[in-house]
>>> print(open('entry32.cif').read())   # mmCIF, C-alpha atoms
data_final
#
loop_
_atom_site.label_atom_id
_atom_site.label_comp_id
_atom_site.auth_asym_id
_atom_site.auth_seq_id
_atom_site.Cartn_x
_atom_site.Cartn_y
_atom_site.Cartn_z
CA MET A 1 55.18 84.68 87.09
CA ALA A 2 57.44 86.66 89.45
CA ASN A 3 58.03 84.90 92.72
CA VAL A 4 57.47 87.53 95.40
CA ILE A 5 57.38 87.61 99.17
CA THR A 6 55.78 90.79 100.48
CA SER A 7 53.75 91.95 103.41
CA ASN A 8 51.01 93.05 100.97
CA GLU A 9 50.62 89.71 99.17
CA ALA A 10 47.26 87.91 99.01
CA LEU A 11 48.57 85.39 101.52
CA ASN A 12 48.54 88.14 104.12
CA ARG A 13 45.23 89.61 102.94
CA ALA A 14 43.34 86.30 103.16
CA THR A 15 40.90 86.38 106.07
CA PRO A 16 39.10 83.44 107.67
CA PRO A 17 35.51 83.04 106.37
CA ARG A 18 32.48 84.02 108.44
CA LEU A 19 30.82 80.70 109.35
CA PRO A 20 27.04 80.31 109.74
CA SER A 21 25.65 79.68 113.18
CA ALA A 22 25.22 76.02 114.03
CA THR A 23 21.68 74.56 114.27
CA ASP A 24 20.41 72.64 117.25
CA GLN A 25 19.70 69.58 115.12
CA TYR A 26 21.18 68.11 112.02
CA ASN A 27 20.40 70.28 109.02
CA ARG A 28 21.53 69.25 105.57
CA GLN A 29 21.33 72.74 104.15
CA TYR A 30 23.54 74.04 106.97
CA GLN A 31 26.12 71.31 106.36
CA GLU A 32 26.26 72.05 102.65
CA GLN A 33 26.62 75.77 103.28
CA LEU A 34 29.45 75.17 105.77
CA SER A 35 31.22 72.79 103.40
CA ASN A 36 31.00 75.23 100.50
CA ILE A 37 32.37 78.10 102.58
CA LEU A 38 35.33 76.03 103.83
CA ARG A 39 36.00 74.59 100.39
CA LEU A 40 36.15 78.06 98.83
CA TYR A 41 38.47 79.30 101.59
CA PHE A 42 40.93 76.43 101.31
CA ASN A 43 40.87 76.65 97.52
CA GLN A 44 41.91 80.30 97.88
CA ILE A 45 44.77 79.32 100.19
CA ASN A 46 45.91 76.58 97.81
CA ASN A 47 45.88 79.01 94.89
CA ILE A 48 48.03 81.49 96.81
CA LEU A 49 50.50 78.79 97.89
CA GLY A 50 50.72 77.64 94.29
CA GLN A 51 51.54 81.14 93.14
CA LEU A 52 54.43 81.37 95.60
CA GLU A 53 56.20 78.44 93.91
CA TRP A 54 57.94 77.09 96.99
CA ASN A 55 61.60 76.04 96.65
CA LYS A 56 62.01 78.45 93.74
CA PRO A 57 64.24 81.57 93.71
CA VAL A 58 62.69 84.72 95.18
CA ASP A 59 62.72 87.77 92.91
CA TYR A 60 62.42 90.27 95.73
CA ILE A 61 61.25 90.71 99.30
CA ASP A 62 59.25 93.69 100.52
CA PHE A 63 59.64 94.85 104.12
CA ASP A 64 57.25 97.00 106.09
CA THR A 65 58.82 100.48 105.92
CA THR A 66 56.35 102.27 108.17
CA PRO A 67 58.11 103.84 111.16
CA GLY A 68 58.40 101.50 114.09
CA VAL A 69 60.91 99.63 116.21
CA ALA A 70 60.97 95.85 115.99
CA PRO A 71 62.13 94.00 119.11
CA HIS A 72 65.79 93.09 118.73
CA GLN A 73 66.59 89.40 118.40
CA THR A 74 69.77 87.78 117.07
CA GLY A 75 69.23 86.76 113.45
CA ARG A 76 66.32 89.16 112.85
CA LEU A 77 66.23 91.36 109.74
CA ASP A 78 63.90 94.35 109.56
CA TRP A 79 63.62 97.90 108.21
CA ASP A 80 65.36 100.71 110.13
CA SER A 81 63.36 103.84 109.33
CA ASP A 82 65.88 106.15 111.07
CA ASP A 83 68.77 105.09 108.83
CA ALA A 84 66.54 104.18 105.84
CA THR A 85 68.03 100.73 105.43
CA LEU A 86 67.64 97.17 106.60
CA GLU A 87 69.13 96.29 109.97
CA LEU A 88 70.42 92.88 111.00
CA ASP A 89 70.55 91.84 114.65
CA MET A 90 73.83 90.04 115.34
CA GLU A 91 75.66 88.59 118.33
CA TYR A 92 76.69 90.77 121.32
CA GLY A 93 73.70 93.03 120.64
CA VAL A 94 75.38 94.42 117.51
CA VAL A 95 72.88 95.83 115.00
CA GLN A 96 74.26 96.25 111.50
CA GLN A 97 72.80 98.87 109.20
CA ILE A 98 73.06 97.02 105.89
CA GLY A 99 75.12 98.90 103.31
CA GLN A 100 76.22 101.51 105.85
CA GLU A 101 78.59 99.48 108.01
CA THR A 102 81.26 96.86 107.34
CA TYR A 103 82.69 94.54 109.97
CA ALA A 104 85.70 92.25 110.32
CA ARG A 105 85.26 89.02 112.29
CA VAL A 106 87.90 89.19 115.03
CA GLN A 107 89.15 87.29 118.05
CA ASN A 108 90.62 88.52 121.34
CA ASP A 109 93.29 86.61 123.24
CA THR A 110 94.97 89.55 124.99
CA GLY A 111 93.96 88.30 128.44
CA VAL A 112 91.49 91.14 129.07
CA THR A 113 88.25 92.41 127.57
CA ILE A 114 88.66 94.85 124.68
CA PRO A 115 86.03 97.57 125.23
CA ASN A 116 83.65 99.01 122.66
CA GLY A 117 85.24 101.95 120.81
CA THR A 118 88.83 100.64 121.06
CA VAL A 119 91.18 101.14 118.11
CA VAL A 120 92.55 97.69 117.29
CA GLY A 121 95.19 96.24 115.00
CA PHE A 122 96.39 92.89 113.77
CA ALA A 123 97.80 90.66 116.50
CA GLY A 124 97.97 87.32 114.70
CA ALA A 125 95.40 84.95 113.23
CA SER A 126 93.46 81.79 113.95
CA ASP A 127 91.91 79.42 111.42
CA ASN A 128 88.69 81.42 111.22
CA ALA A 129 89.39 84.92 112.55
CA VAL A 130 91.85 87.78 112.73
CA LYS A 131 93.31 88.26 116.20
CA VAL A 132 93.32 91.86 117.41
CA ALA A 133 94.77 93.91 120.24
CA PRO A 134 94.57 97.60 121.20
CA TYR A 135 96.77 99.54 118.76
CA ILE A 136 99.31 102.14 119.82
CA ALA A 137 100.66 104.54 117.19
CA ASN A 138 104.10 105.17 118.70
CA GLY A 139 106.04 103.77 115.75
CA SER A 140 106.50 100.35 117.32
CA GLN A 141 103.98 98.79 114.90
CA PRO A 142 103.49 99.44 111.17
CA SER A 143 100.51 101.61 110.23
CA LEU A 144 99.36 98.75 107.99
CA TYR A 145 98.49 96.78 111.15
CA ILE A 146 95.55 99.06 112.03
CA LEU A 147 92.24 97.30 111.36
CA GLY A 148 89.40 99.40 112.79
CA VAL A 149 87.37 100.06 115.94
CA MET A 150 85.59 97.53 118.16
CA THR A 151 81.80 97.90 117.97
CA HIS A 152 81.12 96.05 121.24
CA ASP A 153 82.95 94.76 124.30
CA LEU A 154 84.86 91.61 123.24
CA PRO A 155 85.80 89.31 126.14
CA ASP A 156 88.96 87.25 126.16
CA THR A 157 87.02 84.00 125.80
CA GLY A 158 88.19 82.72 122.43
CA GLU A 159 84.84 83.67 120.91
CA ARG A 160 84.74 85.84 117.80
CA GLY A 161 83.25 89.31 117.62
CA TYR A 162 82.95 92.31 115.32
CA CYS A 163 85.32 95.15 114.50
CA THR A 164 83.98 98.06 112.47
CA VAL A 165 86.25 98.82 109.52
CA TRP A 166 83.81 101.30 107.94
CA GLY A 167 80.68 102.86 109.43
CA PHE A 168 79.24 104.09 112.71
CA VAL A 169 80.32 103.02 116.19
CA ARG A 170 77.89 104.13 118.86
CA ASP A 171 77.81 104.50 122.64
CA VAL A 172 81.45 105.60 122.97
CA ASN A 173 82.93 108.36 125.11
CA THR A 174 83.63 111.33 122.85
CA SER A 175 83.36 113.97 125.56
CA ALA A 176 87.02 115.00 125.13
CA PHE A 177 86.42 116.01 121.51
CA SER A 178 84.25 118.31 119.42
CA GLN A 179 81.74 117.39 116.74
CA GLY A 180 83.53 117.04 113.41
CA ASP A 181 86.98 116.35 114.93
CA ILE A 182 89.21 113.98 112.98
CA LEU A 183 90.49 111.29 115.33
CA TYR A 184 93.89 109.61 115.03
CA ALA A 185 95.19 106.46 116.68
CA SER A 186 96.86 107.60 119.89
CA PRO A 187 100.68 107.37 120.15
CA THR A 188 100.55 107.35 123.97
CA VAL A 189 97.56 105.19 125.02
CA ALA A 190 96.96 101.83 123.34
CA GLY A 191 93.49 101.64 121.79
CA ALA A 192 92.68 105.32 122.36
CA PHE A 193 92.04 108.28 120.06
CA THR A 194 93.58 111.73 119.82
CA ASN A 195 92.36 114.75 117.89
CA VAL A 196 95.92 116.10 117.73
CA LYS A 197 97.73 114.93 114.62
CA PRO A 198 100.81 112.91 115.67
CA THR A 199 104.20 113.43 114.11
CA ALA A 200 107.25 111.28 113.43
CA PRO A 201 108.43 108.93 114.76
CA ASN A 202 104.80 108.19 115.69
CA ASN A 203 102.32 106.70 113.20
CA VAL A 204 99.99 109.23 111.58
CA THR A 205 96.76 107.34 110.88
CA PRO A 206 93.35 109.06 110.72
CA VAL A 207 90.81 106.51 111.97
CA ALA A 208 87.45 108.21 112.56
CA ALA A 209 85.44 111.42 112.80
CA VAL A 210 83.26 112.57 115.71
CA ILE A 211 79.57 112.57 114.81
CA LYS A 212 78.06 113.12 118.26
CA VAL A 213 79.69 114.29 121.48
CA GLY A 214 78.72 112.38 124.60
CA THR A 215 80.07 110.51 127.59
CA THR A 216 78.08 107.30 127.08
CA ASP A 217 76.15 108.00 123.89
CA GLY A 218 78.87 109.43 121.66
CA ILE A 219 79.01 108.38 118.01
CA ILE A 220 81.99 108.19 115.65
CA PHE A 221 82.22 107.32 111.98
CA VAL A 222 85.07 104.92 111.29
CA ARG A 223 87.06 105.19 108.08
CA PRO A 224 90.73 104.36 108.63
CA THR A 225 93.02 106.04 106.12
CA ILE A 226 96.00 103.75 106.15
CA GLU A 227 99.16 104.56 104.25
CA GLN A 228 102.25 102.42 104.31
CA GLN A 229 104.60 104.19 106.68
CA LYS A 230 107.80 105.45 105.09
CA ASN A 231 111.17 104.76 106.67
CA TYR A 232 113.76 107.39 107.56
CA GLY A 233 116.69 108.11 109.79
CA THR A 234 119.21 110.74 110.86
CA PHE A 235 122.62 109.56 112.09
CA ASN A 236 125.80 111.42 112.99
CA ARG A 237 129.34 111.15 114.13
CA ALA A 238 130.10 113.54 116.96
CA SER A 239 133.89 112.99 117.05
CA ASN A 240 136.76 113.52 114.60
CA TYR A 241 137.76 110.86 112.08
CA VAL A 242 141.28 110.68 110.64
CA ALA A 243 142.44 108.47 107.76
CA ALA A 244 145.35 106.20 108.71
CA ALA A 245 146.83 106.25 105.21
CA VAL A 246 146.57 108.31 102.04
CA ASN A 247 144.63 107.17 98.96
CA THR A 248 142.86 104.48 100.99
CA ALA A 249 139.09 104.01 101.30
CA TYR A 250 137.63 104.13 104.80
CA ALA A 251 133.99 103.62 105.88
CA VAL A 252 132.94 106.40 108.26
CA PRO A 253 131.59 104.99 111.57
CA PHE A 254 128.50 106.66 113.04
CA THR A 255 128.13 107.13 116.77
CA SER A 256 124.54 108.22 117.39
CA THR A 257 120.98 108.16 116.06
CA ALA A 258 118.94 111.34 116.16
CA VAL A 259 115.71 109.77 114.89
CA SER A 260 114.84 106.66 112.88
CA ASN A 261 112.10 104.38 111.68
CA GLY A 262 112.99 101.18 109.87
CA VAL A 263 116.63 102.29 109.42
CA SER A 264 119.38 101.67 111.97
CA ILE A 265 123.10 101.64 112.64
CA GLY A 266 124.41 98.11 112.08
CA THR A 267 127.58 96.17 112.81
CA PRO A 268 130.13 97.53 112.19
CA THR A 269 128.77 101.00 112.97
CA SER A 270 129.70 102.29 109.52
CA ARG A 271 126.77 100.25 108.12
CA ILE A 272 123.32 101.83 107.91
CA VAL A 273 120.81 98.98 107.58
CA PHE A 274 117.36 99.23 105.93
CA SER A 275 114.64 96.89 107.22
CA GLN A 276 112.28 97.53 104.31
CA SER A 277 112.77 97.72 100.57
CA GLY A 278 112.19 100.99 98.76
CA TYR A 279 113.69 103.94 96.95
CA TYR A 280 115.65 106.13 99.35
CA ASP A 281 117.18 109.58 99.21
CA ILE A 282 120.58 109.47 100.93
CA SER A 283 122.29 112.71 101.90
CA CYS A 284 125.45 113.00 103.98
CA THR A 285 127.41 116.09 104.98
CA LEU A 286 131.08 115.63 105.90
CA GLN A 287 132.92 118.50 107.58
CA TYR A 288 136.61 118.73 106.66
CA THR A 289 139.55 120.53 108.19
CA SER A 290 143.29 120.58 107.43
CA SER A 291 146.36 121.06 109.60
CA ASN A 292 148.53 122.55 106.81
CA SER A 293 148.07 124.84 103.82
CA SER A 294 149.31 122.50 101.09
CA SER A 295 146.82 121.51 98.39
CA LYS A 296 145.11 118.17 98.99
CA ASN A 297 142.02 116.31 97.81
CA ALA A 298 139.25 114.67 99.83
CA TYR A 299 136.98 112.04 98.32
CA ALA A 300 133.56 110.93 99.60
CA TRP A 301 131.11 108.44 98.07
CA ILE A 302 128.42 105.88 98.86
CA ARG A 303 128.89 102.14 98.99
CA LYS A 304 125.94 99.68 98.86
CA ASN A 305 126.35 96.17 100.29
CA GLY A 306 130.12 96.53 100.00
CA VAL A 307 130.07 97.75 96.38
CA ASP A 308 130.75 101.34 95.35
CA ILE A 309 127.78 103.11 93.71
CA PRO A 310 128.98 104.41 90.33
CA GLN A 311 129.30 108.18 89.91
CA SER A 312 128.57 108.81 93.58
CA SER A 313 131.98 110.28 94.45
CA ARG A 314 132.35 113.96 95.39
CA ILE A 315 135.84 115.55 95.43
CA VAL A 316 136.92 118.72 97.18
CA THR A 317 140.37 120.36 97.11
CA LEU A 318 141.56 122.06 100.30
CA ASP A 319 144.59 124.28 100.97
CA LEU A 320 143.39 125.92 104.17
CA ASN A 321 145.28 125.61 107.44
CA SER A 322 142.57 124.95 110.09
CA GLY A 323 139.06 126.22 109.47
CA TYR A 324 136.15 124.13 108.17
CA SER A 325 134.90 123.06 104.75
CA PRO A 326 131.76 120.92 104.38
CA VAL A 327 130.84 118.70 101.43
CA LEU A 328 127.47 117.13 100.64
CA ILE A 329 126.94 113.71 99.07
CA SER A 330 123.42 113.04 97.80
CA GLU A 331 122.11 110.08 95.83
CA ALA A 332 118.80 108.29 95.28
CA VAL A 333 119.29 104.56 95.82
CA SER A 334 117.03 101.52 95.37
CA LEU A 335 117.41 99.13 98.29
CA ALA A 336 116.07 95.71 99.18
CA ALA A 337 115.12 94.66 102.71
CA ASN A 338 118.22 94.30 104.93
CA ASP A 339 120.53 96.04 102.45
CA TYR A 340 123.06 98.44 103.94
CA ILE A 341 124.97 101.51 102.78
CA GLU A 342 128.23 103.07 103.95
CA ILE A 343 129.72 106.54 103.55
CA MET A 344 133.25 106.17 102.24
CA PHE A 345 136.12 108.63 102.71
CA ALA A 346 139.67 108.95 101.34
CA THR A 347 142.30 111.70 101.18
CA THR A 348 145.59 112.43 99.44
CA ASP A 349 147.04 113.86 102.69
CA VAL A 350 146.39 112.60 106.22
CA ALA A 351 146.60 116.22 107.38
CA LEU A 352 143.02 116.43 106.10
CA SER A 353 140.41 114.91 108.43
CA ILE A 354 136.72 114.87 109.17
CA VAL A 355 136.15 117.03 112.21
CA ALA A 356 133.38 117.93 114.65
CA ALA A 357 133.02 121.42 116.12
CA PRO A 358 131.80 122.23 119.64
CA ALA A 359 128.86 124.46 120.42
CA THR A 360 129.44 128.15 120.94
CA ALA A 361 127.52 130.75 122.88
CA PHE A 362 125.53 131.58 119.76
CA ALA A 363 125.38 128.29 117.75
CA PRO A 364 124.94 124.56 118.41
CA GLY A 365 127.68 122.04 117.81
CA SER A 366 128.49 120.62 114.37
CA PRO A 367 129.00 116.87 113.81
CA ALA A 368 131.88 115.51 111.80
CA ALA A 369 129.38 113.57 109.66
CA ASN A 370 125.61 113.92 109.42
CA LEU A 371 123.65 111.35 107.40
CA VAL A 372 119.95 111.72 106.52
CA VAL A 373 118.05 108.94 104.76
CA GLU A 374 114.43 109.23 103.64
CA GLN A 375 112.24 106.76 101.82
CA VAL A 376 110.66 108.48 98.82
CA GLN A 377 108.89 105.45 97.32
CA GLN A 378 107.75 102.12 98.71
#
>>> encode(input="entry32.cif", output="structure tokens")
Amino acid sequence: MANVITSNEALNRATPPRLPSATDQYNRQYQEQLSNILRLYFNQINNILGQLEWNKPVDYIDFDTTPGVAPHQTGRLDWDSDDATLELDMEYGVVQQIGQETYARVQNDTGVTIPNGTVVGFAGASDNAVKVAPYIANGSQPSLYILGVMTHDLPDTGERGYCTVWGFVRDVNTSAFSQGDILYASPTVAGAFTNVKPTAPNNVTPVAAVIKVGTTDGIIFVRPTIEQQKNYGTFNRASNYVAAAVNTAYAVPFTSTAVSNGVSIGTPTSRIVFSQSGYYDISCTLQYTSSNSSSKNAYAWIRKNGVDIPQSSRIVTLDLNSGYSPVLISEAVSLAANDYIEIMFATTDVALSIVAAPATAFAPGSPAANLVVEQVQQ
């Protein structure tokens, strides 16, 4: 027999028997009638209890699905007719629509309350919870650190709460947006949203969509789309560089960083250091000049961790006196975390040098060396 718990089971349909009116004096017939009625009633109850097979697995549970609102109480499970699913009352007044929302159990030790509707990211861990803090998408933290959106105010008390990683978050201020807007983690305000897509060097992480616009009753649907952020960098040398001797390899020092994420100028400044492993496209333009018209060769290539990369050399022959001649070196290189590369240079005549050009009235300046690195695969 199927073991069922349902609001329509016989246990719920059983009604107390209608008892005969008591007599003023002892009456045997009355007593027998009363006993028979009670015996039949309790036999019915016993039969129903026997059918339920207590301490046995339950095959299914039926809930009352007629429209209505059950009083909220932590630990209560009932049918939500608006969302057509079960709802579970949890701590902090959080009501989870089963199958439509997913939470992470999180802890706050930032020193202040994290409000409902705050974008949060990883900030450490305890033995039984993920620690979170308001997330800012300004490139200072990896995109992988984004977790979700707080679904209630979480005090800094050491207690755990709930962060929505998928589903609705209600009662948030969405008055600055329009219905249907895609919301990104803000690169300027920690924990906030923006409907303007950020750009590098900021993190670009879609987090939610606006369902309802409101100041206190706004609704968003959370679905973070998290991609591992790719690293990149643009570096240049703004001054001339002259070889001290012919047919000698020199590493070109870089003097400034235009933009970077996860890639930086190291020590010495000829080293470009990569904080994360990956497959990188490396392109460097060197701008040559010569102080005489004799024929001479210039060599440029890439060195990884102090070792020349095979077949990476590019050679140009110059016989111009003054003027400019650029050359491009481009290679795809696999790098481990903390590897470095250098741009190497050599010449058969020290009259040839790498040279920068100043800005003119109609064109910007030109660096002696311009290096662009871009991660193309994680």
>>> residues_around(input="entry32.cif", residues="Trp301 in chain A", least_positions_apart="2", cutoff="10 Å", atoms="only C-alpha atoms", output="number ranges by chain")
A: 249, 251, 284, 299, 303, 308-315, 328-331, 342-346
>>> resolve_selection(input="entry32.cif", expression="the PyMOL selection byres ((chain A and resi 94) around 9)", output="PDB file with C-alpha atoms, in the frame of the given file")
ATOM      1  CA  THR A  74      69.770  87.780 117.070  1.00  0.00           C
ATOM      2  CA  LEU A  88      70.420  92.880 111.000  1.00  0.00           C
ATOM      3  CA  ASP A  89      70.550  91.840 114.650  1.00  0.00           C
ATOM      4  CA  MET A  90      73.830  90.040 115.340  1.00  0.00           C
ATOM      5  CA  GLU A  91      75.660  88.590 118.330  1.00  0.00           C
ATOM      6  CA  TYR A  92      76.690  90.770 121.320  1.00  0.00           C
ATOM      7  CA  GLY A  93      73.700  93.030 120.640  1.00  0.00           C
ATOM      8  CA  VAL A  95      72.880  95.830 115.000  1.00  0.00           C
ATOM      9  CA  GLN A  96      74.260  96.250 111.500  1.00  0.00           C
ATOM     10  CA  THR A 151      81.800  97.900 117.970  1.00  0.00           C
ATOM     11  CA  HIS A 152      81.120  96.050 121.240  1.00  0.00           C
ATOM     12  CA  TYR A 162      82.950  92.310 115.320  1.00  0.00           C
TER      13      TYR A 162
END
>>> atom_distance(input="entry32.cif", atom1="CA of Ala129 in chain A", atom2="CA of Pro187 in chain A")
26.3 Å
>>> atom_distance(input="entry32.cif", atom1="CA of Val242 in chain A", atom2="CA of Ile354 in chain A")
6.4 Å
>>> atom_distance(input="entry32.cif", atom1="CA of Arg223 in chain A", atom2="CA of Ala192 in chain A")
15.3 Å
>>> resolve_selection(input="entry32.cif", expression="the PyMOL selection byres ((chain A and resi 196) around 9)", output="list in words")
Ile182, Leu183, Tyr184, Ser186, Thr194, Asn195, Lys197 and Pro198 of chain A
>>> residues_around(input="entry32.cif", residues="Ser290 in chain A", least_positions_apart="6", cutoff="9 Å", atoms="only C-alpha atoms", output="list of chain:residue names")
A:Lys296, A:Leu318, A:Asp319, A:Leu320, A:Asn321, A:Ser322, A:Gly323, A:Tyr324, A:Val350, A:Ala351, A:Leu352, A:Ser353, A:Ile354
>>> residues_around(input="entry32.cif", residues="range 119-125 of chain A", least_positions_apart="3", cutoff="8 Å", atoms="all atoms listed in the file", output="number ranges by chain")
A: 128-135, 145-150, 185, 190-193
>>> resolve_selection(input="entry32.cif", expression="the PyMOL selection byres ((chain A and resi 341) around 8)", output="list in words")
Arg271, Ile272, Val273, Ile302, Arg303, Lys304, Asn305, Gly306, Asp339, Tyr340, Glu342 and Ile343 of chain A
>>> write_last_selection(input="entry32.cif", atoms="C-alpha atoms", output="PDB file, keeping the file's coordinate frame")
ATOM      1  CA  ARG A 271     126.770 100.250 108.120  1.00  0.00           C
ATOM      2  CA  ILE A 272     123.320 101.830 107.910  1.00  0.00           C
ATOM      3  CA  VAL A 273     120.810  98.980 107.580  1.00  0.00           C
ATOM      4  CA  ILE A 302     128.420 105.880  98.860  1.00  0.00           C
ATOM      5  CA  ARG A 303     128.890 102.140  98.990  1.00  0.00           C
ATOM      6  CA  LYS A 304     125.940  99.680  98.860  1.00  0.00           C
ATOM      7  CA  ASN A 305     126.350  96.170 100.290  1.00  0.00           C
ATOM      8  CA  GLY A 306     130.120  96.530 100.000  1.00  0.00           C
ATOM      9  CA  ASP A 339     120.530  96.040 102.450  1.00  0.00           C
ATOM     10  CA  TYR A 340     123.060  98.440 103.940  1.00  0.00           C
ATOM     11  CA  GLU A 342     128.230 103.070 103.950  1.00  0.00           C
ATOM     12  CA  ILE A 343     129.720 106.540 103.550  1.00  0.00           C
TER      13      ILE A 343
END
>>> closest_residue(input="entry32.cif", among="A:Asn203, A:Thr157, A:Thr215, A:Asn173", to="Thr118 in chain A", atoms="all atoms listed in the file")
A:Asn173
>>> residues_around(input="entry32.cif", residues="Pro155 in chain A", least_positions_apart="3", cutoff="7 Å", atoms="all atoms listed in the file", output="ChimeraX atom specification")
/A:108,112-114
>>> residues_near_point(input="entry32.cif", point="(60.1, 101.8, 110.5)", cutoff="9 Å", atoms="all atoms listed in the file", output="ChimeraX atom specification")
/A:64-70,78-82,84
>>> closest_residue(input="entry32.cif", among="A:Ser334, A:Ser293, A:Asn240, A:Thr102", to="Val222 in chain A", atoms="all atoms listed in the file")
A:Thr102
>>> residues_around(input="entry32.cif", residues="range 33-44 of chain A", least_positions_apart="3", cutoff="7 Å", atoms="all atoms listed in the file", output="short mmCIF file (atom, residue, chain, number, x, y, z; two decimals) with C-alpha atoms, keeping the file's coordinate frame")
data_model
loop_
_atom_site.label_atom_id
_atom_site.label_comp_id
_atom_site.auth_asym_id
_atom_site.auth_seq_id
_atom_site.Cartn_x
_atom_site.Cartn_y
_atom_site.Cartn_z
CA PRO A 17 35.51 83.04 106.37
CA LEU A 19 30.82 80.70 109.35
CA PRO A 20 27.04 80.31 109.74
CA GLN A 29 21.33 72.74 104.15
CA TYR A 30 23.54 74.04 106.97
CA ASN A 47 45.88 79.01 94.89
CA ILE A 48 48.03 81.49 96.81
#
>>> closest_residue(input="entry32.cif", among="A:Gln25, A:Gln229, A:Ser239, A:Thr174", to="Gly365 in chain A", atoms="all atoms listed in the file")
A:Ser239
>>> decode(input="entry32.cif", residues="range 99-124 of chain A", atoms="C-alpha atoms", output="PDB file, in the first residue's frame")
ATOM      1  CA  GLY A  99      12.981  25.306  -7.366  1.00  0.00           C
ATOM      2  CA  GLN A 100      12.986  28.975  -8.360  1.00  0.00           C
ATOM      3  CA  GLU A 101      15.716  30.346  -6.101  1.00  0.00           C
ATOM      4  CA  THR A 102      19.130  29.121  -4.966  1.00  0.00           C
ATOM      5  CA  TYR A 103      21.024  30.526  -1.994  1.00  0.00           C
ATOM      6  CA  ALA A 104      24.571  30.398  -0.656  1.00  0.00           C
ATOM      7  CA  ARG A 105      25.052  30.358   3.122  1.00  0.00           C
ATOM      8  CA  VAL A 106      27.275  33.360   3.856  1.00  0.00           C
ATOM      9  CA  GLN A 107      28.836  35.253   6.729  1.00  0.00           C
ATOM     10  CA  ASN A 108      29.575  38.960   7.173  1.00  0.00           C
ATOM     11  CA  ASP A 109      32.564  40.239   9.122  1.00  0.00           C
ATOM     12  CA  THR A 110      33.073  43.551   7.301  1.00  0.00           C
ATOM     13  CA  GLY A 111      32.254  45.586  10.407  1.00  0.00           C
ATOM     14  CA  VAL A 112      28.967  46.929   9.031  1.00  0.00           C
ATOM     15  CA  THR A 113      25.610  45.529   7.945  1.00  0.00           C
ATOM     16  CA  ILE A 114      25.431  44.410   4.312  1.00  0.00           C
ATOM     17  CA  PRO A 115      22.027  45.586   3.022  1.00  0.00           C
ATOM     18  CA  ASN A 116      19.511  43.582   1.023  1.00  0.00           C
ATOM     19  CA  GLY A 117      20.206  43.854  -2.717  1.00  0.00           C
ATOM     20  CA  THR A 118      23.997  44.270  -2.366  1.00  0.00           C
ATOM     21  CA  VAL A 119      26.279  42.601  -4.912  1.00  0.00           C
ATOM     22  CA  VAL A 120      28.749  40.541  -2.884  1.00  0.00           C
ATOM     23  CA  GLY A 121      31.882  38.528  -3.565  1.00  0.00           C
ATOM     24  CA  PHE A 122      34.189  36.131  -1.797  1.00  0.00           C
ATOM     25  CA  ALA A 123      36.031  37.657   1.156  1.00  0.00           C
ATOM     26  CA  GLY A 124      37.406  34.541   2.840  1.00  0.00           C
TER      27      GLY A 124
END
